[in-house]
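The file my_file-v6.txt contains compact mmCIF, N, CA and C atoms:
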# COMPACT_ATOMS: atom_id res chain seq x y z
N GLY A 1 52.21 85.93 87.12
CA GLY A 1 53.62 86.01 86.71
C GLY A 1 53.77 86.46 85.28
N GLY A 2 54.99 86.35 84.78
CA GLY A 2 55.24 86.71 83.39
C GLY A 2 55.70 88.14 83.22
N ALA A 3 55.22 89.03 84.09
CA ALA A 3 55.64 90.42 83.97
C ALA A 3 57.04 90.60 84.52
N ALA A 4 57.78 91.51 83.93
CA ALA A 4 59.13 91.79 84.42
C ALA A 4 59.02 92.42 85.80
N ALA A 5 59.90 92.00 86.68
CA ALA A 5 59.89 92.55 88.03
C ALA A 5 60.27 94.01 87.99
N GLY A 6 59.51 94.81 88.70
CA GLY A 6 59.86 96.21 88.82
C GLY A 6 60.93 96.34 89.87
N GLY A 7 60.85 97.39 90.64
CA GLY A 7 61.79 97.51 91.74
C GLY A 7 62.43 98.87 91.78
N GLN A 8 63.22 99.05 92.79
CA GLN A 8 63.89 100.32 93.02
C GLN A 8 65.39 100.08 93.10
N THR A 9 66.13 101.12 92.73
CA THR A 9 67.59 101.05 92.80
C THR A 9 68.06 101.95 93.92
N TYR A 10 68.96 101.42 94.73
CA TYR A 10 69.51 102.16 95.87
C TYR A 10 71.03 102.19 95.74
N THR A 11 71.61 103.31 96.16
CA THR A 11 73.06 103.46 96.07
C THR A 11 73.59 103.95 97.41
N ALA A 12 74.74 103.42 97.80
CA ALA A 12 75.41 103.88 99.01
C ALA A 12 76.91 103.81 98.79
N THR A 13 77.63 104.70 99.43
CA THR A 13 79.08 104.77 99.28
C THR A 13 79.73 104.75 100.65
N GLU A 14 80.78 103.95 100.77
CA GLU A 14 81.57 103.90 102.00
C GLU A 14 83.04 104.04 101.63
N LYS A 15 83.83 104.45 102.61
CA LYS A 15 85.27 104.61 102.37
C LYS A 15 85.93 103.24 102.39
N GLY A 16 86.65 102.92 101.31
CA GLY A 16 87.39 101.68 101.23
C GLY A 16 88.82 101.89 101.68
N TYR A 17 89.72 101.09 101.13
CA TYR A 17 91.12 101.16 101.52
C TYR A 17 91.81 102.34 100.83
N GLU A 18 91.61 102.45 99.53
CA GLU A 18 92.26 103.51 98.76
C GLU A 18 91.30 104.63 98.38
N GLY A 19 90.01 104.34 98.37
CA GLY A 19 89.04 105.34 97.94
C GLY A 19 87.65 104.85 98.24
N ASP A 20 86.68 105.48 97.59
CA ASP A 20 85.29 105.14 97.85
C ASP A 20 84.90 103.82 97.19
N VAL A 21 84.05 103.10 97.91
CA VAL A 21 83.43 101.89 97.36
C VAL A 21 81.93 102.17 97.29
N THR A 22 81.37 102.04 96.10
CA THR A 22 79.96 102.34 95.88
C THR A 22 79.20 101.07 95.52
N VAL A 23 78.08 100.86 96.21
CA VAL A 23 77.22 99.73 95.92
C VAL A 23 75.92 100.26 95.35
N THR A 24 75.52 99.72 94.20
CA THR A 24 74.22 100.03 93.61
C THR A 24 73.44 98.73 93.58
N MET A 25 72.30 98.73 94.26
CA MET A 25 71.52 97.50 94.41
C MET A 25 70.11 97.73 93.91
N THR A 26 69.64 96.79 93.09
CA THR A 26 68.26 96.85 92.61
C THR A 26 67.45 95.80 93.36
N ILE A 27 66.36 96.25 93.97
CA ILE A 27 65.52 95.37 94.77
C ILE A 27 64.11 95.39 94.19
N ALA A 28 63.65 94.20 93.84
CA ALA A 28 62.32 94.06 93.23
C ALA A 28 61.24 94.35 94.27
N ASP A 29 60.03 94.52 93.78
CA ASP A 29 58.91 94.85 94.65
C ASP A 29 58.66 93.78 95.71
N ASP A 30 59.05 92.53 95.41
CA ASP A 30 58.84 91.45 96.37
C ASP A 30 60.02 91.28 97.32
N GLY A 31 61.01 92.17 97.22
CA GLY A 31 62.14 92.13 98.13
C GLY A 31 63.34 91.36 97.61
N THR A 32 63.20 90.79 96.42
CA THR A 32 64.31 90.06 95.82
C THR A 32 65.39 91.03 95.35
N ILE A 33 66.64 90.71 95.68
CA ILE A 33 67.76 91.50 95.18
C ILE A 33 68.06 91.02 93.76
N THR A 34 67.76 91.86 92.78
CA THR A 34 67.86 91.42 91.39
C THR A 34 69.18 91.82 90.74
N ASP A 35 69.84 92.85 91.26
CA ASP A 35 71.10 93.27 90.67
C ASP A 35 71.95 93.96 91.72
N VAL A 36 73.23 93.70 91.67
CA VAL A 36 74.18 94.36 92.57
C VAL A 36 75.40 94.77 91.74
N VAL A 37 75.76 96.04 91.84
CA VAL A 37 76.98 96.52 91.21
C VAL A 37 77.83 97.13 92.31
N ILE A 38 79.05 96.63 92.46
CA ILE A 38 79.96 97.17 93.47
C ILE A 38 81.17 97.74 92.76
N GLU A 39 81.39 99.04 92.95
CA GLU A 39 82.48 99.72 92.26
C GLU A 39 83.47 100.28 93.28
N GLY A 40 84.72 99.92 93.09
CA GLY A 40 85.79 100.48 93.91
C GLY A 40 86.97 100.77 93.00
N PRO A 41 86.85 101.82 92.20
CA PRO A 41 87.85 102.08 91.15
C PRO A 41 89.26 102.33 91.69
N ASP A 42 89.38 102.74 92.94
CA ASP A 42 90.69 103.03 93.51
C ASP A 42 91.28 101.86 94.28
N GLU A 43 90.48 100.80 94.45
CA GLU A 43 90.97 99.64 95.20
C GLU A 43 91.95 98.83 94.34
N THR A 44 92.84 98.11 94.98
CA THR A 44 93.79 97.26 94.26
C THR A 44 93.02 96.13 93.57
N PRO A 45 93.12 96.06 92.22
CA PRO A 45 92.27 95.08 91.50
C PRO A 45 92.41 93.65 92.00
N ALA A 46 93.64 93.20 92.25
CA ALA A 46 93.86 91.81 92.61
C ALA A 46 93.38 91.49 94.03
N ILE A 47 93.29 92.52 94.87
CA ILE A 47 92.93 92.29 96.27
C ILE A 47 91.53 92.84 96.54
N GLY A 48 91.42 94.15 96.61
CA GLY A 48 90.12 94.77 96.88
C GLY A 48 89.11 94.49 95.78
N GLY A 49 89.56 94.61 94.54
CA GLY A 49 88.65 94.38 93.42
C GLY A 49 88.10 92.97 93.42
N ALA A 50 88.97 92.01 93.71
CA ALA A 50 88.54 90.61 93.77
C ALA A 50 87.56 90.41 94.92
N ALA A 51 87.81 91.08 96.04
CA ALA A 51 86.92 90.95 97.19
C ALA A 51 85.55 91.52 96.87
N LEU A 52 85.51 92.65 96.15
CA LEU A 52 84.23 93.26 95.79
C LEU A 52 83.43 92.32 94.89
N GLU A 53 84.12 91.67 93.95
CA GLU A 53 83.44 90.71 93.07
C GLU A 53 82.87 89.55 93.88
N GLN A 54 83.63 89.09 94.87
CA GLN A 54 83.19 87.97 95.70
C GLN A 54 81.94 88.35 96.49
N ILE A 55 81.96 89.55 97.07
CA ILE A 55 80.81 90.00 97.87
C ILE A 55 79.59 90.19 96.97
N GLN A 56 79.81 90.76 95.79
CA GLN A 56 78.72 90.95 94.83
C GLN A 56 78.05 89.61 94.53
N ALA A 57 78.85 88.57 94.28
CA ALA A 57 78.32 87.24 93.97
C ALA A 57 77.58 86.66 95.18
N GLU A 58 78.14 86.86 96.37
CA GLU A 58 77.50 86.32 97.58
C GLU A 58 76.14 86.96 97.83
N ILE A 59 76.05 88.27 97.62
CA ILE A 59 74.78 88.96 97.85
C ILE A 59 73.70 88.40 96.92
N LEU A 60 74.05 88.25 95.64
CA LEU A 60 73.06 87.75 94.68
C LEU A 60 72.69 86.30 94.97
N GLU A 61 73.68 85.51 95.35
CA GLU A 61 73.43 84.08 95.59
C GLU A 61 72.61 83.86 96.86
N ASN A 62 72.96 84.58 97.92
CA ASN A 62 72.32 84.36 99.22
C ASN A 62 71.15 85.29 99.49
N GLN A 63 70.96 86.28 98.60
CA GLN A 63 69.90 87.28 98.81
C GLN A 63 70.06 87.95 100.18
N ALA A 64 71.30 88.15 100.58
CA ALA A 64 71.60 88.79 101.85
C ALA A 64 73.01 89.34 101.79
N VAL A 65 73.26 90.31 102.64
CA VAL A 65 74.60 90.90 102.71
C VAL A 65 75.46 90.04 103.64
N PRO A 66 76.63 89.62 103.20
CA PRO A 66 77.48 88.81 104.07
C PRO A 66 77.94 89.59 105.29
N THR A 67 78.19 88.88 106.36
CA THR A 67 78.65 89.53 107.58
C THR A 67 80.16 89.45 107.73
N ASP A 68 80.77 88.52 107.01
CA ASP A 68 82.21 88.34 107.14
C ASP A 68 82.95 89.05 106.02
N THR A 69 84.02 89.76 106.41
CA THR A 69 84.84 90.42 105.41
C THR A 69 85.71 89.38 104.70
N VAL A 70 86.25 89.76 103.56
CA VAL A 70 87.10 88.87 102.79
C VAL A 70 88.52 88.96 103.34
N SER A 71 89.10 87.82 103.63
CA SER A 71 90.44 87.77 104.20
C SER A 71 91.44 88.46 103.29
N GLY A 72 92.25 89.35 103.85
CA GLY A 72 93.25 90.05 103.08
C GLY A 72 92.76 91.34 102.45
N ALA A 73 91.45 91.56 102.51
CA ALA A 73 90.88 92.78 101.91
C ALA A 73 89.82 93.35 102.85
N THR A 74 90.22 93.52 104.11
CA THR A 74 89.26 93.91 105.14
C THR A 74 88.62 95.25 104.85
N TYR A 75 89.42 96.24 104.49
CA TYR A 75 88.88 97.59 104.26
C TYR A 75 87.91 97.61 103.08
N SER A 76 88.35 97.04 101.97
CA SER A 76 87.52 97.03 100.77
C SER A 76 86.21 96.28 101.01
N SER A 77 86.33 95.10 101.63
CA SER A 77 85.13 94.28 101.79
C SER A 77 84.21 94.84 102.86
N SER A 78 84.78 95.42 103.93
CA SER A 78 83.91 95.99 104.95
C SER A 78 83.17 97.21 104.42
N ALA A 79 83.82 97.96 103.53
CA ALA A 79 83.15 99.10 102.90
C ALA A 79 82.00 98.62 102.03
N ALA A 80 82.25 97.57 101.26
CA ALA A 80 81.21 97.02 100.39
C ALA A 80 80.04 96.48 101.21
N ILE A 81 80.35 95.79 102.30
CA ILE A 81 79.31 95.23 103.16
C ILE A 81 78.47 96.35 103.79
N ALA A 82 79.15 97.39 104.28
CA ALA A 82 78.44 98.50 104.91
C ALA A 82 77.55 99.23 103.92
N ALA A 83 78.07 99.45 102.71
CA ALA A 83 77.30 100.14 101.69
C ALA A 83 76.11 99.30 101.24
N ALA A 84 76.33 97.99 101.11
CA ALA A 84 75.24 97.10 100.71
C ALA A 84 74.15 97.08 101.79
N GLN A 85 74.57 97.04 103.05
CA GLN A 85 73.61 97.05 104.14
C GLN A 85 72.83 98.35 104.14
N SER A 86 73.50 99.44 103.82
CA SER A 86 72.84 100.73 103.73
C SER A 86 71.76 100.72 102.64
N CYS A 87 72.04 100.07 101.53
CA CYS A 87 71.04 99.94 100.46
C CYS A 87 69.82 99.19 100.97
N LEU A 88 70.05 98.11 101.71
CA LEU A 88 68.93 97.34 102.26
C LEU A 88 68.14 98.18 103.26
N ASP A 89 68.86 98.95 104.06
CA ASP A 89 68.17 99.83 105.03
C ASP A 89 67.31 100.85 104.31
N GLN A 90 67.83 101.43 103.24
CA GLN A 90 67.04 102.38 102.45
C GLN A 90 65.79 101.72 101.89
N ALA A 91 65.96 100.49 101.42
CA ALA A 91 64.83 99.76 100.83
C ALA A 91 63.77 99.49 101.88
N ALA A 92 64.23 99.26 103.12
CA ALA A 92 63.29 98.96 104.21
C ALA A 92 62.64 100.24 104.75
N GLY A 93 63.14 101.37 104.28
CA GLY A 93 62.56 102.64 104.70
C GLY A 93 63.15 103.19 105.96
N ASN A 94 64.35 102.71 106.32
CA ASN A 94 65.01 103.21 107.53
C ASN A 94 65.87 104.44 107.22
Starting from the file, give its structure as structure tokens.
Amino acid sequence: GGAAAGGQTYTATEKGYEGDVTVTMTIADDGTITDVVIEGPDETPAIGGAALEQIQAEILENQAVPTDTVSGATYSSSAAIAAAQSCLDQAAGN
């Protein structure tokens, strides 16, 4: 131990409610999700933006992509979930 975890960064974009939602995920060599950035600049900040923040926190906390969309922000959250899953698929080599 002691060494900084390496890893790869993966990016995927899905269509949200108002525009594109982009997920950038960093996955360490051991499979740990070390960083998640979810950007939806065209989404409504109070609704879609809040949902993206919630999903970002859930991914880091659970080390997995949530399966349930955020109530009231279905489009934004489903886009984030799909893009995050795509990042995991890329990491798995699919």
Of the candidates A:Ala28, A:Ala92, A:Ala12, A:Ala73, which one gets nearest to A:Gly49 if we count only C-alpha atoms?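 Going through A:Ala28, A:Ala92, A:Ala12, A:Ala73 one by one, the smallest distance to A:Gly49 is for A:Ala73.
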Atom pair atom CA of A:Glu39 / atom C of A:Thr22: separation (Å): 4.8 Å
Leaving out A:Gly31 and any residue of its chain fewer than 6 positions from it, which residues lie within 12 Å of it when counting only C-alpha atoms, given as a compact mmCIF listing (two decimals) with N, CA and C atoms, in the coordinates of the input?
# COMPACT_ATOMS: atom_id res chain seq x y z
N ALA A 5 59.90 92.00 86.68
CA ALA A 5 59.89 92.55 88.03
C ALA A 5 60.27 94.01 87.99
N GLY A 6 59.51 94.81 88.70
CA GLY A 6 59.86 96.21 88.82
C GLY A 6 60.93 96.34 89.87
N GLY A 7 60.85 97.39 90.64
CA GLY A 7 61.79 97.51 91.74
C GLY A 7 62.43 98.87 91.78
N GLN A 8 63.22 99.05 92.79
CA GLN A 8 63.89 100.32 93.02
C GLN A 8 65.39 100.08 93.10
N THR A 9 66.13 101.12 92.73
CA THR A 9 67.59 101.05 92.80
C THR A 9 68.06 101.95 93.92
N MET A 25 72.30 98.73 94.26
CA MET A 25 71.52 97.50 94.41
C MET A 25 70.11 97.73 93.91
N GLN A 63 70.96 86.28 98.60
CA GLN A 63 69.90 87.28 98.81
C GLN A 63 70.06 87.95 100.18
N ALA A 64 71.30 88.15 100.58
CA ALA A 64 71.60 88.79 101.85
C ALA A 64 73.01 89.34 101.79
N LEU A 88 70.05 98.11 101.71
CA LEU A 88 68.93 97.34 102.26
C LEU A 88 68.14 98.18 103.26
N ASP A 89 68.86 98.95 104.06
CA ASP A 89 68.17 99.83 105.03
C ASP A 89 67.31 100.85 104.31
N ALA A 91 65.96 100.49 101.42
CA ALA A 91 64.83 99.76 100.83
C ALA A 91 63.77 99.49 101.88
N ALA A 92 64.23 99.26 103.12
CA ALA A 92 63.29 98.96 104.21
C ALA A 92 62.64 100.24 104.75
Point-to-point distance from atom CA of A:Thr34 to atom C of A:Asn62, Å rounded to tenths: 10.7 Å
When DSSP works through the backbone of this structure, what residues of chain A end up as strand (DSSP E or B), shown as a PyMOL selection string? chain A and resi 8-15+20-27+33-39
What is the distance, in Å and to one decimal place, between atom CA of A:Thr11 and atom CA of A:Ser76? 16.5 Å
Leaving out A:Ala79 and any residue of its chain fewer than 5 positions from it, which residues lie within 6.5 Å of it when counting only N, CA and C atoms, given as an NGL selection string? :A and (14-16 or 21 or 74 or 84)
Please define a box with edges along x, y and z of the file around all atoms of stretch 25-28 of chain A given in the file, extend it by 8 Å on each side, and return its centre and edge lengths in Å to one decimal, as JSON.
{"center_x": 66.8, "center_y": 96.4, "center_z": 93.7, "size_x": 27.1, "size_y": 20.7, "size_z": 18.2}
Protein, DNA and RNA residues within 6 Å of (76.3, 100.0, 89.5), only N, CA and C atoms, as a list of chain:residue names: A:Val23, A:Thr24, A:Val36, A:Val37, A:Ile38
Quick one: of A:Thr13, A:Ala82, A:Gln56, A:Glu18, who's nearest to A:Pro41, counting all atoms listed in the file? A:Glu18
Kindly indicate which residue among A:Ile55, A:Leu60, A:Gly19, A:Thr26 lies nearest to A:Gly40, using all atoms listed in the file for the distances.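 Smallest distance to A:Gly40 is found for A:Gly19.
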